[in-house]
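For reference, query_6.tsv (TSV, C-alpha atoms):
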chain	number	residue	atom	x	y	z
A	463	MET	CA	12.50	2.87	-18.94
A	464	THR	CA	11.40	4.52	-22.21
A	465	CYS	CA	12.60	1.39	-24.04
A	466	THR	CA	11.31	-1.71	-25.78
A	467	GLU	CA	13.18	-4.96	-26.43
A	468	GLN	CA	14.46	-3.40	-29.65
A	469	ASN	CA	16.81	-1.04	-27.83
A	470	PHE	CA	18.99	-3.88	-26.60
A	471	ILE	CA	18.66	-5.89	-29.80
A	472	THR	CA	19.70	-3.03	-32.11
A	473	LYS	CA	22.11	-0.98	-29.97
A	474	SER	CA	24.11	-3.29	-27.72
A	475	GLY	CA	25.95	-5.39	-30.31
A	476	PHE	CA	25.48	-8.54	-28.25
A	477	GLN	CA	24.97	-10.86	-31.24
A	478	ARG	CA	28.61	-11.57	-32.09
A	479	TYR	CA	29.44	-12.31	-28.47
A	480	ALA	CA	26.47	-14.63	-28.11
A	481	ALA	CA	27.62	-16.47	-31.23
A	482	GLU	CA	31.20	-16.62	-29.96
A	483	HIS	CA	30.15	-18.15	-26.63
A	484	GLN	CA	27.24	-20.17	-28.05
A	485	VAL	CA	24.60	-18.85	-25.69
A	486	ILE	CA	20.96	-17.98	-26.31
A	487	VAL	CA	20.13	-14.37	-25.43
A	488	VAL	CA	16.47	-13.55	-24.82
A	489	ALA	CA	15.45	-9.87	-24.85
A	490	PRO	CA	11.99	-9.33	-23.31
A	491	ASP	CA	10.01	-6.12	-23.44
A	492	THR	CA	9.99	-3.71	-20.49
A	493	SER	CA	6.23	-3.81	-19.87
A	494	PRO	CA	2.98	-5.19	-21.26
A	495	ARG	CA	1.79	-3.56	-24.47
A	496	GLY	CA	-1.45	-2.86	-26.31
A	497	GLU	CA	-4.20	-0.29	-26.67
A	498	GLN	CA	-6.16	-1.84	-23.81
A	499	VAL	CA	-3.15	-1.90	-21.45
A	500	PRO	CA	-3.17	0.94	-18.87
A	501	ASN	CA	-0.56	3.64	-19.44
A	502	ASP	CA	0.59	6.98	-18.10
A	503	ASP	CA	1.85	10.10	-19.85
A	504	ALA	CA	5.03	10.15	-17.76
A	505	TYR	CA	8.13	8.29	-18.99
A	506	ASP	CA	8.69	6.55	-15.64
A	507	LEU	CA	5.29	4.85	-15.20
A	508	GLY	CA	3.13	2.57	-17.31
A	509	GLN	CA	4.17	1.14	-20.67
A	510	SER	CA	7.97	1.01	-20.93
A	511	ALA	CA	8.24	1.23	-17.14
A	512	GLY	CA	6.82	-2.03	-15.78
A	513	PHE	CA	9.54	-2.39	-13.11
A	514	TYR	CA	9.46	-6.21	-13.40
A	515	LEU	CA	7.03	-6.71	-10.52
A	516	ASN	CA	3.54	-8.14	-10.10
A	517	ALA	CA	1.23	-5.15	-9.67
A	518	THR	CA	-1.56	-5.41	-7.12
A	519	GLU	CA	-3.18	-1.99	-7.53
A	520	GLN	CA	-5.72	-0.84	-10.10
A	521	PRO	CA	-5.68	-0.22	-12.99
A	522	TRP	CA	-2.33	-2.02	-13.32
A	523	ALA	CA	-2.93	-5.41	-11.71
A	524	ALA	CA	-4.57	-7.16	-14.65
A	525	ASN	CA	-1.65	-6.63	-17.04
A	526	TYR	CA	1.47	-5.62	-15.15
A	527	GLN	CA	2.67	-9.04	-14.01
A	528	MET	CA	6.18	-8.76	-15.40
A	529	TYR	CA	7.85	-10.65	-12.53
A	530	ASP	CA	5.84	-13.79	-13.28
A	531	TYR	CA	6.29	-13.27	-17.01
A	532	ILE	CA	10.09	-13.22	-16.79
A	533	LEU	CA	10.29	-15.97	-14.16
A	534	ASN	CA	7.80	-18.47	-15.58
A	535	GLU	CA	5.94	-17.70	-18.81
A	536	LEU	CA	8.85	-16.58	-20.97
A	537	PRO	CA	11.25	-19.42	-19.99
A	538	ARG	CA	8.56	-22.02	-20.75
A	539	LEU	CA	8.13	-20.50	-24.20
A	540	ILE	CA	11.87	-20.50	-24.90
A	541	GLU	CA	12.40	-24.04	-23.66
A	542	LYS	CA	9.52	-25.28	-25.78
A	543	HIS	CA	10.93	-23.93	-29.03
A	544	PHE	CA	14.73	-23.79	-28.62
A	545	PRO	CA	17.46	-26.24	-27.57
A	546	THR	CA	18.49	-25.28	-24.03
A	547	ASN	CA	20.64	-27.00	-21.41
A	548	GLY	CA	18.42	-26.04	-18.46
A	549	LYS	CA	20.79	-23.35	-17.14
A	550	ARG	CA	19.97	-19.64	-17.08
A	551	SER	CA	21.55	-16.34	-16.21
A	552	ILE	CA	19.98	-12.90	-16.22
A	553	MET	CA	21.13	-9.35	-16.88
A	554	GLY	CA	19.65	-5.89	-17.29
A	555	HIS	CA	20.23	-2.15	-17.54
A	556	SER	CA	18.85	0.51	-15.18
A	557	MET	CA	15.26	-0.55	-14.42
A	558	GLY	CA	16.10	-3.87	-16.09
A	559	GLY	CA	19.10	-4.19	-13.80
A	560	HIS	CA	16.78	-3.78	-10.85
A	561	GLY	CA	14.53	-6.51	-12.23
A	562	ALA	CA	17.43	-8.86	-12.98
A	563	LEU	CA	18.81	-8.57	-9.45
A	564	VAL	CA	15.44	-9.07	-7.79
A	565	LEU	CA	14.67	-12.14	-9.88
A	566	ALA	CA	18.12	-13.64	-9.32
A	567	LEU	CA	18.13	-13.02	-5.58
A	568	ARG	CA	14.65	-14.41	-5.01
A	569	ASN	CA	15.23	-17.43	-7.28
A	570	GLN	CA	18.81	-18.54	-6.75
A	571	GLU	CA	17.95	-22.04	-7.92
A	572	ARG	CA	16.85	-20.65	-11.30
A	573	TYR	CA	19.78	-18.41	-12.20
A	574	GLN	CA	23.47	-19.28	-12.28
A	575	SER	CA	24.53	-15.62	-12.33
A	576	VAL	CA	23.32	-12.04	-12.69
A	577	SER	CA	24.95	-8.96	-14.20
A	578	THR	CA	23.75	-5.40	-14.56
A	579	PHE	CA	24.57	-2.04	-16.07
A	580	SER	CA	23.70	1.03	-13.97
A	581	PRO	CA	20.98	-0.75	-11.94
A	582	ILE	CA	18.42	0.85	-9.64
A	583	LEU	CA	19.58	-0.86	-6.45
A	584	SER	CA	17.34	0.62	-3.75
A	585	PRO	CA	14.10	1.50	-5.56
A	586	SER	CA	12.20	1.85	-2.27
A	587	LEU	CA	14.38	4.85	-1.41
A	588	VAL	CA	14.64	6.78	-4.70
A	589	PRO	CA	12.13	8.86	-6.71
A	590	TRP	CA	11.78	6.44	-9.64
A	591	GLY	CA	11.01	3.49	-7.39
A	592	GLU	CA	8.83	5.33	-4.92
A	593	LYS	CA	6.59	6.59	-7.71
A	594	ALA	CA	6.31	3.21	-9.45
A	595	PHE	CA	5.91	1.14	-6.30
A	596	THR	CA	3.19	3.43	-4.95
A	597	ALA	CA	1.26	3.13	-8.21
A	598	TYR	CA	1.75	-0.61	-8.74
A	599	LEU	CA	1.86	-1.92	-5.16
A	600	GLY	CA	0.16	0.69	-2.98
A	601	LYS	CA	1.48	2.81	-0.13
A	602	ASP	CA	2.51	-0.02	2.21
A	603	ARG	CA	6.30	0.09	2.04
A	604	GLU	CA	6.61	-3.38	3.52
A	605	LYS	CA	5.17	-4.75	0.28
A	606	TRP	CA	7.87	-2.94	-1.66
A	607	GLN	CA	10.75	-4.78	-0.02
A	608	GLN	CA	10.27	-7.97	-2.07
A	609	TYR	CA	11.21	-5.92	-5.15
A	610	ASP	CA	14.17	-4.06	-3.67
A	611	ALA	CA	17.61	-5.65	-4.26
A	612	ASN	CA	19.28	-3.84	-1.37
A	613	SER	CA	16.52	-4.93	0.99
A	614	LEU	CA	16.65	-8.52	-0.26
A	615	ILE	CA	20.38	-8.71	0.52
A	616	GLN	CA	19.64	-7.39	4.00
A	617	GLN	CA	16.99	-10.09	4.38
A	618	GLY	CA	19.57	-12.79	3.62
A	619	TYR	CA	18.92	-13.56	-0.04
A	620	LYS	CA	21.99	-14.66	-1.99
A	621	VAL	CA	23.09	-15.28	-5.57
A	622	GLN	CA	26.09	-17.22	-6.84
A	623	GLY	CA	27.60	-14.74	-9.31
A	624	MET	CA	26.89	-11.00	-9.35
A	625	ARG	CA	28.52	-8.30	-11.49
A	626	ILE	CA	27.64	-4.59	-11.69
A	627	ASP	CA	29.13	-2.09	-14.14
A	628	GLN	CA	28.52	1.59	-13.40
A	629	GLY	CA	29.58	4.68	-15.33
A	630	LEU	CA	30.96	7.48	-13.18
A	631	GLU	CA	29.46	10.16	-15.45
A	632	ASP	CA	25.96	8.70	-15.03
A	633	GLU	CA	23.66	11.60	-14.21
A	634	PHE	CA	21.38	9.29	-12.19
A	635	LEU	CA	24.10	7.78	-10.00
A	636	PRO	CA	23.72	10.06	-6.95
A	637	THR	CA	19.93	10.34	-6.97
A	638	GLN	CA	18.44	7.11	-8.38
A	639	LEU	CA	20.95	4.24	-8.32
A	640	ARG	CA	22.67	4.19	-4.85
A	641	THR	CA	25.51	1.92	-5.89
A	642	GLU	CA	27.77	2.66	-2.91
A	643	ASP	CA	24.99	1.81	-0.45
A	644	PHE	CA	24.50	-1.53	-2.18
A	645	ILE	CA	28.21	-2.32	-2.00
A	646	GLU	CA	28.14	-1.72	1.75
A	647	THR	CA	25.06	-3.90	2.16
A	648	CYS	CA	26.70	-6.74	0.24
A	649	ARG	CA	29.87	-6.40	2.29
A	650	ALA	CA	27.92	-6.58	5.56
A	651	ALA	CA	25.98	-9.63	4.33
A	652	ASN	CA	29.05	-11.44	2.93
A	653	GLN	CA	27.49	-11.44	-0.54
A	654	PRO	CA	30.26	-11.37	-3.16
A	655	VAL	CA	29.72	-8.76	-5.86
A	656	ASP	CA	32.05	-7.63	-8.64
A	657	VAL	CA	31.45	-3.89	-9.04
A	658	ARG	CA	33.33	-2.03	-11.77
A	659	PHE	CA	33.24	1.76	-12.06
A	660	HIS	CA	34.12	3.32	-15.41
A	661	LYS	CA	35.35	6.86	-15.96
A	662	GLY	CA	33.82	8.75	-18.88
A	663	TYR	CA	30.68	6.61	-19.21
A	664	ASP	CA	27.09	7.71	-18.57
A	665	HIS	CA	23.69	5.96	-18.58
A	666	SER	CA	23.47	5.50	-22.35
A	667	TYR	CA	23.75	2.52	-24.67
A	668	TYR	CA	27.31	3.50	-25.60
A	669	PHE	CA	28.19	2.21	-22.13
A	670	ILE	CA	26.40	-1.09	-22.68
A	671	ALA	CA	27.91	-1.57	-26.14
A	672	SER	CA	31.38	-1.04	-24.70
A	673	PHE	CA	31.12	-3.83	-22.11
A	674	ILE	CA	28.40	-6.22	-23.29
A	675	GLY	CA	31.04	-8.64	-24.55
A	676	GLU	CA	32.47	-8.95	-21.05
A	677	HIS	CA	29.02	-9.60	-19.64
A	678	ILE	CA	28.25	-12.33	-22.16
A	679	ALA	CA	31.59	-13.98	-21.37
A	680	TYR	CA	30.89	-13.66	-17.63
A	681	HIS	CA	27.59	-15.52	-17.94
A	682	ALA	CA	28.93	-18.08	-20.39
A	683	ALA	CA	31.39	-19.28	-17.75
A	684	PHE	CA	28.48	-20.02	-15.38
A	685	LEU	CA	26.33	-21.62	-18.06
A	686	LYS	CA	28.74	-24.34	-19.17
For the structure just supplied, provide its representation as structure tokens.
Amino acid sequence: MTCTEQNFITKSGFQRYAAEHQVIVVAPDTSPRGEQVPNDDAYDLGQSAGFYLNATEQPWAANYQMYDYILNELPRLIEKHFPTNGKRSIMGHSMGGHGALVLALRNQERYQSVSTFSPILSPSLVPWGEKAFTAYLGKDREKWQQYDANSLIQQGYKVQGMRIDQGLEDEFLPTQLRTEDFIETCRAANQPVDVRFHKGYDHSYYFIASFIGEHIAYHAAFLK
């Protein structure tokens, strides 16, 4: 949230690791953009907070189809213009981590692996997700579950490789992220997940810059 694709491109330092491992890294925006695209004055709804779902409620439905954009439209564009080997992985931070997990779990045949920094793991149960899902999807909580990683694990969805890095000084950890609950859900469902907690790190891009090299290497092993 509050970001564009430029945050990752300019702050993470991923470029040298992508070059080292010879992988293509695609950095999409966090929402649709434009003067005619609906927005909200709050930081956690509207432009910059698309939540990587397909909105069904007005005024969002016409533009906020980020799930389909990431799953279908963007890969077709990349594969048309760049030399790819047909394999993909996906990663994200915070709201992007939520989107990466949902896409990977619901489309295991598309993604070799998924990794996240400080992801929103149970959006149906936390203030950020409840606000966004109500606006984009309506009040029926059953419709929310298709975009909730914790719920998808409970429903039996799986993914081959999953890594989560979480800073222990993250101010949103107890109220918005619910990492421990997700670990328990994965354990009960026999879904392997590599969760790494880091002392002294918060929710900022310093955290991502410190460990992005490990994430690129993690995915590169699956993409060979």
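For the choices A:Leu533, A:Val488, A:Leu563, A:Ala511, the atom-to-atom distance to Gln468 of chain A is smallest for A:Val488 when using only C-alpha atoms.
In this comparison, which uses all atoms listed in the file, the residue of A:Pro654, A:Pro589, A:Gly675, A:Gly623 approaching Arg550 of chain A most closely is A:Gly623.
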Discussion item. Which residues are close to Gln628 of chain A, i.e. within 12 Å by only C-alpha atoms, leaving aside same-chain residues fewer than 4 positions away? Reply as JSON, numbers by chain.
Written reply: {"A": [555, 556, 559, 577, 578, 579, 580, 581, 582, 583, 632, 633, 634, 635, 636, 639, 640, 641, 642, 656, 657, 658, 659, 660, 661, 662, 663, 664, 665, 666, 669, 670, 672, 673]}
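The space separating atom CA of Val564 of chain A from atom CA of Asp610 of chain A comes to 6.6 Å.
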Worksheet item: Which residues come within 10 Å of Ser584 of chain A, counting all atoms listed in the file, excluding same-chain residues fewer than 2 positions away, as a list in words?
Response: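 Once the nearby chain positions are removed, what remains is His560, Pro581, Ile582, Ser586, Leu587, Val588, Trp590, Gly591, Glu592, Gln607, Tyr609, Asp610, Ala611, Asn612, Ser613, Leu614, Gln638, Leu639, Arg640, Thr641, Asp643 and Phe644 of chain A.
You can rank A:Met463, A:Lys473, A:Gly496, A:Lys605 by their closest distance to Tyr668 of chain A using only C-alpha atoms, and at the top of that list sits A:Lys473.
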Worksheet item: So how many Å separate atom CA of Met557 of chain A and atom CA of Ala679 of chain A, to one decimal?
Response: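 Atom-to-atom, atom CA of Met557 of chain A to atom CA of Ala679 of chain A, that is 22.3 Å.
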Item to complete: Have a look at atom CA of Leu507 of chain A and atom CA of Val655 of chain A and let me know their distance in Å, one decimal.
Response: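 Separating atom CA of Leu507 of chain A from atom CA of Val655 of chain A is a distance of 29.5 Å.
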Enclosing box along x, y and z for every listed atom of segment 618-622 of chain A, padded 6 Å each side, centre and size in Å, one decimal, as lines of an AutoDock Vina configuration file:
center_x = 22.5
center_y = -15.0
center_z = -1.6
size_x = 19.2
size_y = 16.4
size_z = 22.5
Worksheet item: Using all atoms listed in the file, which residue out of A:Asn516, A:Gln616, A:Gln477, A:Ser551 lies closest to Tyr529 of chain A?
Response: A:Asn516
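With distances restricted to only C-alpha atoms, A:Gly554 is the closest residue to Tyr514 of chain A from A:Gly554, A:Gly548, A:Gly475, A:Pro500.
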Fill in: Residue neighbourhood Gln484 of chain A, 10 Å, all atoms listed in the file, exclusion window fewer than 3 positions, as a PyMOL selection string
chain A and resi 478-481+487+678+682+686
